[in-house]
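Source file: input29.cif (mmCIF, N, CA and C atoms)
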data_upload
loop_
_atom_site.label_atom_id
_atom_site.label_comp_id
_atom_site.auth_asym_id
_atom_site.auth_seq_id
_atom_site.Cartn_x
_atom_site.Cartn_y
_atom_site.Cartn_z
N MET G 1 -5.43 -31.89 -7.39
CA MET G 1 -6.41 -31.37 -6.46
C MET G 1 -6.73 -32.44 -5.44
N ALA G 2 -6.62 -32.12 -4.19
CA ALA G 2 -6.91 -33.06 -3.12
C ALA G 2 -8.41 -33.14 -2.89
N HIS G 3 -8.85 -34.27 -2.39
CA HIS G 3 -10.27 -34.39 -2.11
C HIS G 3 -10.60 -33.62 -0.83
N GLY G 4 -11.81 -33.03 -0.77
CA GLY G 4 -12.23 -32.30 0.42
C GLY G 4 -12.02 -30.79 0.29
N GLY G 5 -11.57 -30.31 -0.84
CA GLY G 5 -11.37 -28.87 -1.02
C GLY G 5 -10.42 -28.62 -2.17
N SER G 6 -10.35 -27.39 -2.61
CA SER G 6 -9.45 -27.08 -3.71
C SER G 6 -8.16 -26.48 -3.17
N TRP G 7 -7.05 -27.09 -3.55
CA TRP G 7 -5.74 -26.67 -3.10
C TRP G 7 -4.82 -26.58 -4.30
N ARG G 8 -3.80 -25.73 -4.21
CA ARG G 8 -2.79 -25.69 -5.25
C ARG G 8 -1.43 -25.90 -4.60
N VAL G 9 -0.47 -26.35 -5.40
CA VAL G 9 0.86 -26.64 -4.90
C VAL G 9 1.76 -25.46 -5.18
N SER G 10 2.50 -25.01 -4.16
CA SER G 10 3.44 -23.92 -4.31
C SER G 10 4.84 -24.45 -4.10
N GLY G 11 5.80 -23.92 -4.83
CA GLY G 11 7.20 -24.34 -4.71
C GLY G 11 7.75 -24.72 -6.06
N GLU G 12 9.04 -24.84 -6.15
CA GLU G 12 9.67 -25.19 -7.42
C GLU G 12 9.45 -26.65 -7.73
N GLY G 13 9.07 -26.93 -8.93
CA GLY G 13 8.91 -28.31 -9.35
C GLY G 13 7.51 -28.85 -9.15
N GLY G 14 6.72 -28.23 -8.33
CA GLY G 14 5.35 -28.68 -8.12
C GLY G 14 5.28 -30.00 -7.40
N ALA G 15 4.20 -30.73 -7.64
CA ALA G 15 3.97 -31.99 -6.95
C ALA G 15 4.75 -33.13 -7.58
N GLU G 16 5.24 -32.97 -8.85
CA GLU G 16 5.96 -34.06 -9.49
C GLU G 16 7.36 -34.23 -8.94
N GLY G 17 7.93 -33.19 -8.33
CA GLY G 17 9.24 -33.30 -7.73
C GLY G 17 10.37 -33.04 -8.69
N GLY G 18 10.10 -32.61 -9.91
CA GLY G 18 11.15 -32.34 -10.89
C GLY G 18 11.83 -31.01 -10.62
N GLY G 19 13.10 -31.02 -10.27
CA GLY G 19 13.84 -29.78 -10.06
C GLY G 19 13.48 -29.05 -8.79
N SER G 20 13.13 -29.75 -7.74
CA SER G 20 12.71 -29.07 -6.52
C SER G 20 13.88 -28.54 -5.72
N ARG G 21 15.10 -29.00 -6.00
CA ARG G 21 16.31 -28.53 -5.35
C ARG G 21 16.24 -28.58 -3.82
N GLY G 22 15.65 -29.59 -3.30
CA GLY G 22 15.62 -29.78 -1.86
C GLY G 22 14.54 -29.00 -1.14
N ARG G 23 13.75 -28.24 -1.85
CA ARG G 23 12.68 -27.48 -1.21
C ARG G 23 11.40 -28.28 -1.22
N ALA G 24 10.71 -28.27 -0.11
CA ALA G 24 9.46 -28.99 -0.02
C ALA G 24 8.34 -28.16 -0.62
N ALA G 25 7.43 -28.80 -1.30
CA ALA G 25 6.28 -28.11 -1.87
C ALA G 25 5.26 -27.85 -0.76
N ARG G 26 4.57 -26.71 -0.86
CA ARG G 26 3.56 -26.36 0.13
C ARG G 26 2.19 -26.40 -0.51
N LEU G 27 1.20 -26.83 0.24
CA LEU G 27 -0.17 -26.79 -0.22
C LEU G 27 -0.79 -25.49 0.26
N ILE G 28 -1.35 -24.72 -0.67
CA ILE G 28 -1.97 -23.44 -0.36
C ILE G 28 -3.43 -23.52 -0.79
N PRO G 29 -4.37 -23.10 0.07
CA PRO G 29 -5.78 -23.13 -0.35
C PRO G 29 -6.01 -22.13 -1.47
N SER G 30 -6.83 -22.50 -2.46
CA SER G 30 -7.08 -21.61 -3.58
C SER G 30 -8.11 -20.53 -3.23
N HIS G 31 -8.80 -20.68 -2.14
CA HIS G 31 -9.75 -19.66 -1.69
C HIS G 31 -9.20 -19.02 -0.41
N PRO G 32 -9.44 -17.71 -0.22
CA PRO G 32 -8.91 -17.06 0.98
C PRO G 32 -9.60 -17.56 2.24
N ILE G 33 -8.83 -17.72 3.28
CA ILE G 33 -9.37 -18.15 4.56
C ILE G 33 -9.89 -16.92 5.29
N PRO G 34 -11.13 -16.93 5.78
CA PRO G 34 -11.64 -15.75 6.49
C PRO G 34 -10.82 -15.48 7.75
N SER G 35 -10.44 -14.22 7.96
CA SER G 35 -9.56 -13.89 9.07
C SER G 35 -10.29 -13.91 10.41
N ARG G 36 -11.60 -13.78 10.44
CA ARG G 36 -12.32 -13.76 11.71
C ARG G 36 -12.34 -15.13 12.38
N SER G 37 -12.30 -16.20 11.58
CA SER G 37 -12.39 -17.52 12.17
C SER G 37 -11.04 -18.01 12.69
N VAL G 38 -9.95 -17.36 12.31
CA VAL G 38 -8.62 -17.77 12.72
C VAL G 38 -8.25 -17.02 14.00
N VAL G 39 -7.88 -17.75 15.01
CA VAL G 39 -7.42 -17.15 16.26
C VAL G 39 -5.93 -16.90 16.14
N ARG G 40 -5.53 -15.66 16.32
CA ARG G 40 -4.11 -15.31 16.22
C ARG G 40 -3.36 -15.92 17.40
N PRO G 41 -2.06 -16.18 17.22
CA PRO G 41 -1.31 -16.88 18.27
C PRO G 41 -1.06 -16.04 19.52
N GLN G 42 -1.01 -14.71 19.40
CA GLN G 42 -0.72 -13.90 20.58
C GLN G 42 -1.42 -12.56 20.48
N PRO G 43 -1.66 -11.90 21.62
CA PRO G 43 -2.32 -10.60 21.63
C PRO G 43 -1.44 -9.51 21.01
N PRO G 44 -2.03 -8.35 20.69
CA PRO G 44 -1.24 -7.28 20.09
C PRO G 44 -0.15 -6.73 21.01
N ARG G 45 -0.36 -6.78 22.31
CA ARG G 45 0.64 -6.37 23.30
C ARG G 45 0.76 -7.49 24.33
N PRO G 46 1.85 -7.51 25.07
CA PRO G 46 1.91 -8.46 26.19
C PRO G 46 0.87 -8.11 27.24
N CYS G 47 0.34 -9.10 27.92
CA CYS G 47 -0.70 -8.86 28.92
C CYS G 47 -0.20 -7.99 30.07
N GLU G 48 1.08 -8.05 30.35
CA GLU G 48 1.63 -7.23 31.43
C GLU G 48 1.50 -5.74 31.12
N ASP G 49 1.51 -5.38 29.83
CA ASP G 49 1.31 -3.98 29.47
C ASP G 49 -0.05 -3.48 29.91
N TYR G 50 -1.09 -4.28 29.72
CA TYR G 50 -2.44 -3.88 30.15
C TYR G 50 -2.50 -3.78 31.68
N TRP G 51 -1.83 -4.72 32.36
CA TRP G 51 -1.81 -4.71 33.82
C TRP G 51 -1.14 -3.43 34.34
N TRP G 52 0.02 -3.08 33.77
CA TRP G 52 0.73 -1.89 34.24
C TRP G 52 0.00 -0.61 33.87
N GLU G 53 -0.66 -0.57 32.73
CA GLU G 53 -1.47 0.60 32.37
C GLU G 53 -2.62 0.77 33.36
N TRP G 54 -3.23 -0.34 33.76
CA TRP G 54 -4.31 -0.28 34.75
C TRP G 54 -3.79 0.20 36.10
N LYS G 55 -2.64 -0.34 36.54
CA LYS G 55 -2.06 0.10 37.82
C LYS G 55 -1.67 1.58 37.76
N HIS G 56 -1.10 2.02 36.64
CA HIS G 56 -0.73 3.43 36.49
C HIS G 56 -1.96 4.33 36.51
N CYS G 57 -3.01 3.88 35.83
CA CYS G 57 -4.23 4.67 35.75
C CYS G 57 -4.87 4.85 37.13
N ARG G 58 -4.75 3.85 37.98
CA ARG G 58 -5.35 3.92 39.31
C ARG G 58 -4.50 4.69 40.31
N GLY G 59 -3.28 5.06 39.94
CA GLY G 59 -2.37 5.74 40.86
C GLY G 59 -2.84 7.15 41.18
N LEU G 60 -2.45 7.62 42.37
CA LEU G 60 -2.85 8.94 42.84
C LEU G 60 -2.27 10.05 41.97
N ARG G 61 -1.02 9.92 41.60
CA ARG G 61 -0.37 10.95 40.79
C ARG G 61 -1.05 11.10 39.43
N HIS G 62 -1.37 9.98 38.80
CA HIS G 62 -2.04 10.03 37.50
C HIS G 62 -3.45 10.60 37.65
N ALA G 63 -4.15 10.19 38.69
CA ALA G 63 -5.51 10.69 38.90
C ALA G 63 -5.50 12.21 39.11
N PHE G 64 -4.53 12.72 39.88
CA PHE G 64 -4.43 14.15 40.11
C PHE G 64 -4.12 14.88 38.80
N HIS G 65 -3.18 14.37 38.02
CA HIS G 65 -2.83 15.00 36.76
C HIS G 65 -4.01 14.98 35.78
N HIS G 66 -4.69 13.86 35.69
CA HIS G 66 -5.83 13.73 34.78
C HIS G 66 -6.95 14.67 35.19
N TYR G 67 -7.19 14.78 36.49
CA TYR G 67 -8.23 15.69 36.97
C TYR G 67 -7.85 17.14 36.66
N TYR G 68 -6.59 17.48 36.84
CA TYR G 68 -6.11 18.84 36.55
C TYR G 68 -6.23 19.15 35.05
N ALA G 69 -5.87 18.22 34.20
CA ALA G 69 -5.86 18.45 32.76
C ALA G 69 -7.25 18.36 32.14
N HIS G 70 -8.09 17.44 32.61
CA HIS G 70 -9.36 17.18 31.94
C HIS G 70 -10.59 17.52 32.77
N GLY G 71 -10.40 17.81 34.06
CA GLY G 71 -11.53 18.18 34.91
C GLY G 71 -12.36 17.00 35.38
N GLU G 72 -11.89 15.80 35.21
CA GLU G 72 -12.60 14.61 35.67
C GLU G 72 -11.59 13.53 36.01
N LEU G 73 -12.01 12.58 36.82
CA LEU G 73 -11.13 11.47 37.17
C LEU G 73 -11.05 10.49 36.01
N PRO G 74 -9.91 9.82 35.85
CA PRO G 74 -9.78 8.88 34.73
C PRO G 74 -10.63 7.63 34.95
N THR G 75 -11.09 7.07 33.85
CA THR G 75 -11.81 5.79 33.91
C THR G 75 -10.81 4.70 33.53
N CYS G 76 -10.58 3.80 34.46
CA CYS G 76 -9.54 2.79 34.29
C CYS G 76 -10.10 1.40 34.00
N GLY G 77 -11.41 1.27 33.96
CA GLY G 77 -12.03 -0.04 33.77
C GLY G 77 -11.68 -0.70 32.46
N ARG G 78 -11.46 0.10 31.43
CA ARG G 78 -11.14 -0.47 30.12
C ARG G 78 -9.81 -1.21 30.14
N TRP G 79 -8.82 -0.68 30.89
CA TRP G 79 -7.53 -1.36 30.98
C TRP G 79 -7.68 -2.71 31.68
N ARG G 80 -8.50 -2.75 32.71
CA ARG G 80 -8.73 -4.01 33.44
C ARG G 80 -9.43 -5.04 32.55
N GLU G 81 -10.44 -4.57 31.80
CA GLU G 81 -11.16 -5.47 30.89
C GLU G 81 -10.22 -6.00 29.80
N ASP G 82 -9.34 -5.12 29.30
CA ASP G 82 -8.38 -5.56 28.28
C ASP G 82 -7.40 -6.57 28.85
N TYR G 83 -7.00 -6.38 30.09
CA TYR G 83 -6.09 -7.34 30.74
C TYR G 83 -6.76 -8.70 30.87
N GLU G 84 -8.01 -8.72 31.31
CA GLU G 84 -8.72 -9.98 31.48
C GLU G 84 -8.96 -10.66 30.13
N ALA G 85 -9.27 -9.87 29.10
CA ALA G 85 -9.45 -10.45 27.76
C ALA G 85 -8.12 -11.01 27.23
N CYS G 86 -7.03 -10.32 27.53
CA CYS G 86 -5.72 -10.79 27.09
C CYS G 86 -5.37 -12.12 27.77
N ARG G 87 -5.62 -12.22 29.05
CA ARG G 87 -5.35 -13.48 29.76
C ARG G 87 -6.21 -14.61 29.22
N ALA G 88 -7.49 -14.31 28.91
CA ALA G 88 -8.37 -15.34 28.35
C ALA G 88 -7.86 -15.77 26.97
N TRP G 89 -7.33 -14.82 26.22
CA TRP G 89 -6.79 -15.12 24.90
C TRP G 89 -5.55 -16.01 25.02
N GLU G 90 -4.68 -15.70 25.98
CA GLU G 90 -3.46 -16.51 26.15
C GLU G 90 -3.77 -17.90 26.68
N LYS G 91 -4.70 -18.01 27.62
CA LYS G 91 -4.98 -19.31 28.24
C LYS G 91 -5.77 -20.23 27.33
N GLY G 92 -6.91 -19.74 26.82
CA GLY G 92 -7.79 -20.63 26.09
C GLY G 92 -7.95 -20.34 24.63
N ARG G 93 -7.19 -19.37 24.09
CA ARG G 93 -7.32 -18.98 22.69
C ARG G 93 -8.78 -18.67 22.35
N ALA G 94 -9.44 -17.93 23.25
CA ALA G 94 -10.85 -17.61 23.09
C ALA G 94 -11.03 -16.58 21.97
N ALA G 95 -11.87 -16.91 21.00
CA ALA G 95 -12.12 -16.01 19.87
C ALA G 95 -12.86 -14.76 20.33
N ALA G 96 -13.75 -14.90 21.31
CA ALA G 96 -14.49 -13.73 21.82
C ALA G 96 -13.54 -12.75 22.51
N ALA G 97 -12.59 -13.26 23.25
CA ALA G 97 -11.61 -12.40 23.92
C ALA G 97 -10.73 -11.71 22.89
N GLN G 98 -10.35 -12.42 21.83
CA GLN G 98 -9.54 -11.82 20.77
C GLN G 98 -10.31 -10.68 20.11
N GLU G 99 -11.55 -10.91 19.79
CA GLU G 99 -12.36 -9.88 19.13
C GLU G 99 -12.54 -8.67 20.04
N ALA G 100 -12.80 -8.89 21.33
CA ALA G 100 -12.98 -7.78 22.26
C ALA G 100 -11.70 -6.96 22.41
N LEU G 101 -10.57 -7.64 22.51
CA LEU G 101 -9.29 -6.95 22.68
C LEU G 101 -8.92 -6.17 21.42
N CYS G 102 -9.10 -6.75 20.26
CA CYS G 102 -8.79 -6.05 19.01
C CYS G 102 -9.72 -4.85 18.81
N LYS G 103 -10.98 -5.00 19.18
CA LYS G 103 -11.93 -3.89 19.08
C LYS G 103 -11.52 -2.76 20.01
N SER G 104 -11.10 -3.09 21.21
CA SER G 104 -10.66 -2.08 22.17
C SER G 104 -9.40 -1.37 21.69
N GLU G 105 -8.45 -2.12 21.11
CA GLU G 105 -7.22 -1.50 20.59
C GLU G 105 -7.55 -0.57 19.43
N ARG G 106 -8.45 -0.99 18.54
CA ARG G 106 -8.84 -0.11 17.43
C ARG G 106 -9.50 1.16 17.95
N ALA G 107 -10.36 1.04 18.96
CA ALA G 107 -11.02 2.22 19.54
C ALA G 107 -9.99 3.14 20.18
N ARG G 108 -8.98 2.58 20.83
CA ARG G 108 -7.94 3.39 21.47
C ARG G 108 -7.13 4.16 20.43
N VAL G 109 -6.81 3.52 19.31
CA VAL G 109 -6.08 4.19 18.23
C VAL G 109 -6.93 5.29 17.61
N MET G 110 -8.20 5.01 17.36
CA MET G 110 -9.09 6.02 16.78
C MET G 110 -9.29 7.20 17.73
N GLU G 111 -9.33 6.93 19.02
CA GLU G 111 -9.48 8.00 20.00
C GLU G 111 -8.26 8.92 19.99
N ASN G 112 -7.08 8.36 19.83
CA ASN G 112 -5.86 9.16 19.77
C ASN G 112 -5.76 9.95 18.47
N GLN G 113 -6.38 9.48 17.41
CA GLN G 113 -6.28 10.15 16.12
C GLN G 113 -7.37 11.19 15.90
N LYS G 114 -8.34 11.31 16.79
CA LYS G 114 -9.46 12.20 16.53
C LYS G 114 -9.13 13.68 16.74
N TYR G 115 -8.04 13.98 17.41
CA TYR G 115 -7.69 15.37 17.68
C TYR G 115 -6.95 15.95 16.48
N ALA G 116 -7.34 17.16 16.11
CA ALA G 116 -6.69 17.85 14.99
C ALA G 116 -5.34 18.39 15.46
N PRO G 117 -4.40 18.53 14.54
CA PRO G 117 -3.11 19.10 14.94
C PRO G 117 -3.26 20.55 15.37
N VAL G 118 -2.35 21.02 16.19
CA VAL G 118 -2.42 22.38 16.71
C VAL G 118 -2.18 23.39 15.60
N TRP G 119 -1.27 23.10 14.69
CA TRP G 119 -1.00 23.99 13.57
C TRP G 119 -1.09 23.20 12.28
N THR G 120 -1.29 23.92 11.19
CA THR G 120 -1.37 23.25 9.89
C THR G 120 0.04 22.94 9.40
N LEU G 121 0.21 21.78 8.86
CA LEU G 121 1.51 21.34 8.37
C LEU G 121 1.76 21.90 6.98
N ARG G 122 3.01 22.28 6.72
CA ARG G 122 3.37 22.83 5.41
C ARG G 122 3.59 21.70 4.41
N LYS G 123 3.25 22.00 3.18
CA LYS G 123 3.55 21.06 2.09
C LYS G 123 4.93 21.35 1.50
N ASN G 124 5.32 22.64 1.46
CA ASN G 124 6.60 23.07 0.90
C ASN G 124 7.26 24.05 1.86
N PRO G 125 8.57 24.22 1.77
CA PRO G 125 9.21 25.23 2.62
C PRO G 125 8.83 26.64 2.15
N PRO G 126 9.00 27.66 3.00
CA PRO G 126 8.70 29.03 2.57
C PRO G 126 9.62 29.44 1.41
N PRO G 127 9.18 30.37 0.58
CA PRO G 127 9.99 30.72 -0.59
C PRO G 127 11.32 31.37 -0.23
N ASP G 128 11.43 32.02 0.91
CA ASP G 128 12.68 32.68 1.29
C ASP G 128 13.42 31.92 2.39
N TRP G 129 13.37 30.63 2.36
CA TRP G 129 13.96 29.83 3.43
C TRP G 129 15.48 29.94 3.46
N TYR G 130 16.11 30.27 2.36
CA TYR G 130 17.57 30.31 2.29
C TYR G 130 18.15 31.64 2.76
N LEU G 131 17.33 32.68 2.95
CA LEU G 131 17.82 33.97 3.39
C LEU G 131 18.19 33.93 4.87
N PRO G 132 19.15 34.77 5.31
CA PRO G 132 19.50 34.79 6.73
C PRO G 132 18.35 35.36 7.58
N LEU G 133 18.30 34.92 8.82
CA LEU G 133 17.24 35.38 9.73
C LEU G 133 17.51 36.82 10.16
N ASP G 134 16.48 37.56 10.42
CA ASP G 134 16.59 38.95 10.86
C ASP G 134 16.63 39.01 12.39
N GLN G 135 17.66 38.45 12.97
CA GLN G 135 17.78 38.42 14.42
C GLN G 135 18.32 39.73 14.98
N ASP G 136 19.03 40.51 14.17
CA ASP G 136 19.64 41.74 14.68
C ASP G 136 18.66 42.90 14.73
N LYS G 137 17.53 42.80 14.04
CA LYS G 137 16.57 43.91 14.01
C LYS G 137 15.71 43.89 15.27
N PRO G 138 15.47 45.06 15.87
CA PRO G 138 14.52 45.10 17.00
C PRO G 138 13.08 45.03 16.45
N ASN G 139 12.20 44.44 17.21
CA ASN G 139 10.81 44.30 16.75
C ASN G 139 10.07 45.55 16.86
#

What does this structure look like when you write it as structure tokens?
Amino acid sequence: MAHGGSWRVSGEGGAEGGGSRGRAARLIPSHPIPSRSVVRPQPPRPCEDYWWEWKHCRGLRHAFHHYYAHGELPTCGRWREDYEACRAWEKGRAAAAQEALCKSERARVMENQKYAPVWTLRKNPPPDWYLPLDQDKPN
């Protein structure tokens, strides 16, 4: 056990070096490291993806389609905020930017999952699935 915390040795042969077969032993903390304090090395998507989504959202064709489909103009501010948070994450490894970007991605995924399917999915095929179709009969 090293001073300053509890650690265990991982690898063949342990710390004594008996039978390690050329593999180096690794020190692993015996307690889990909280994931919130660790800044991940890169954002979930490249920052250019947020930039292009923002540019696409602001386009006339997309605005017309969104207005036709939903009856309102699209709100594109979230893409811009995500782009700025992504750049802050890449430049300074800012934990606040990481948290904001991950929260926004989770909200985007949950928003896409909130709609129910159009039809109910089957668990099993119909009992007469092997019979030929009645295409020759008039309705």

May I have the residues within 8 Å of Pro44 in chain G as a ChimeraX atom specification, using only C-alpha atoms and disregarding those fewer than 2 positions away in the same chain? /G:42,46,102

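One finds CA of Gly59 in chain G at 21.4 Å from atom C of Arg45 in chain G.
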
Mind telling me what the PyMOL selection byres (((chain G and resi 79 and name CA) around 12) and name CA) catches here, as a VMD selection string? chain G and resid 47 to 58 74 to 78 80 to 86 101 104 to 105 108

Between CA of Val109 in chain G and CA of Lys123 in chain G - distance in Å to one decimal: 25.3 Å
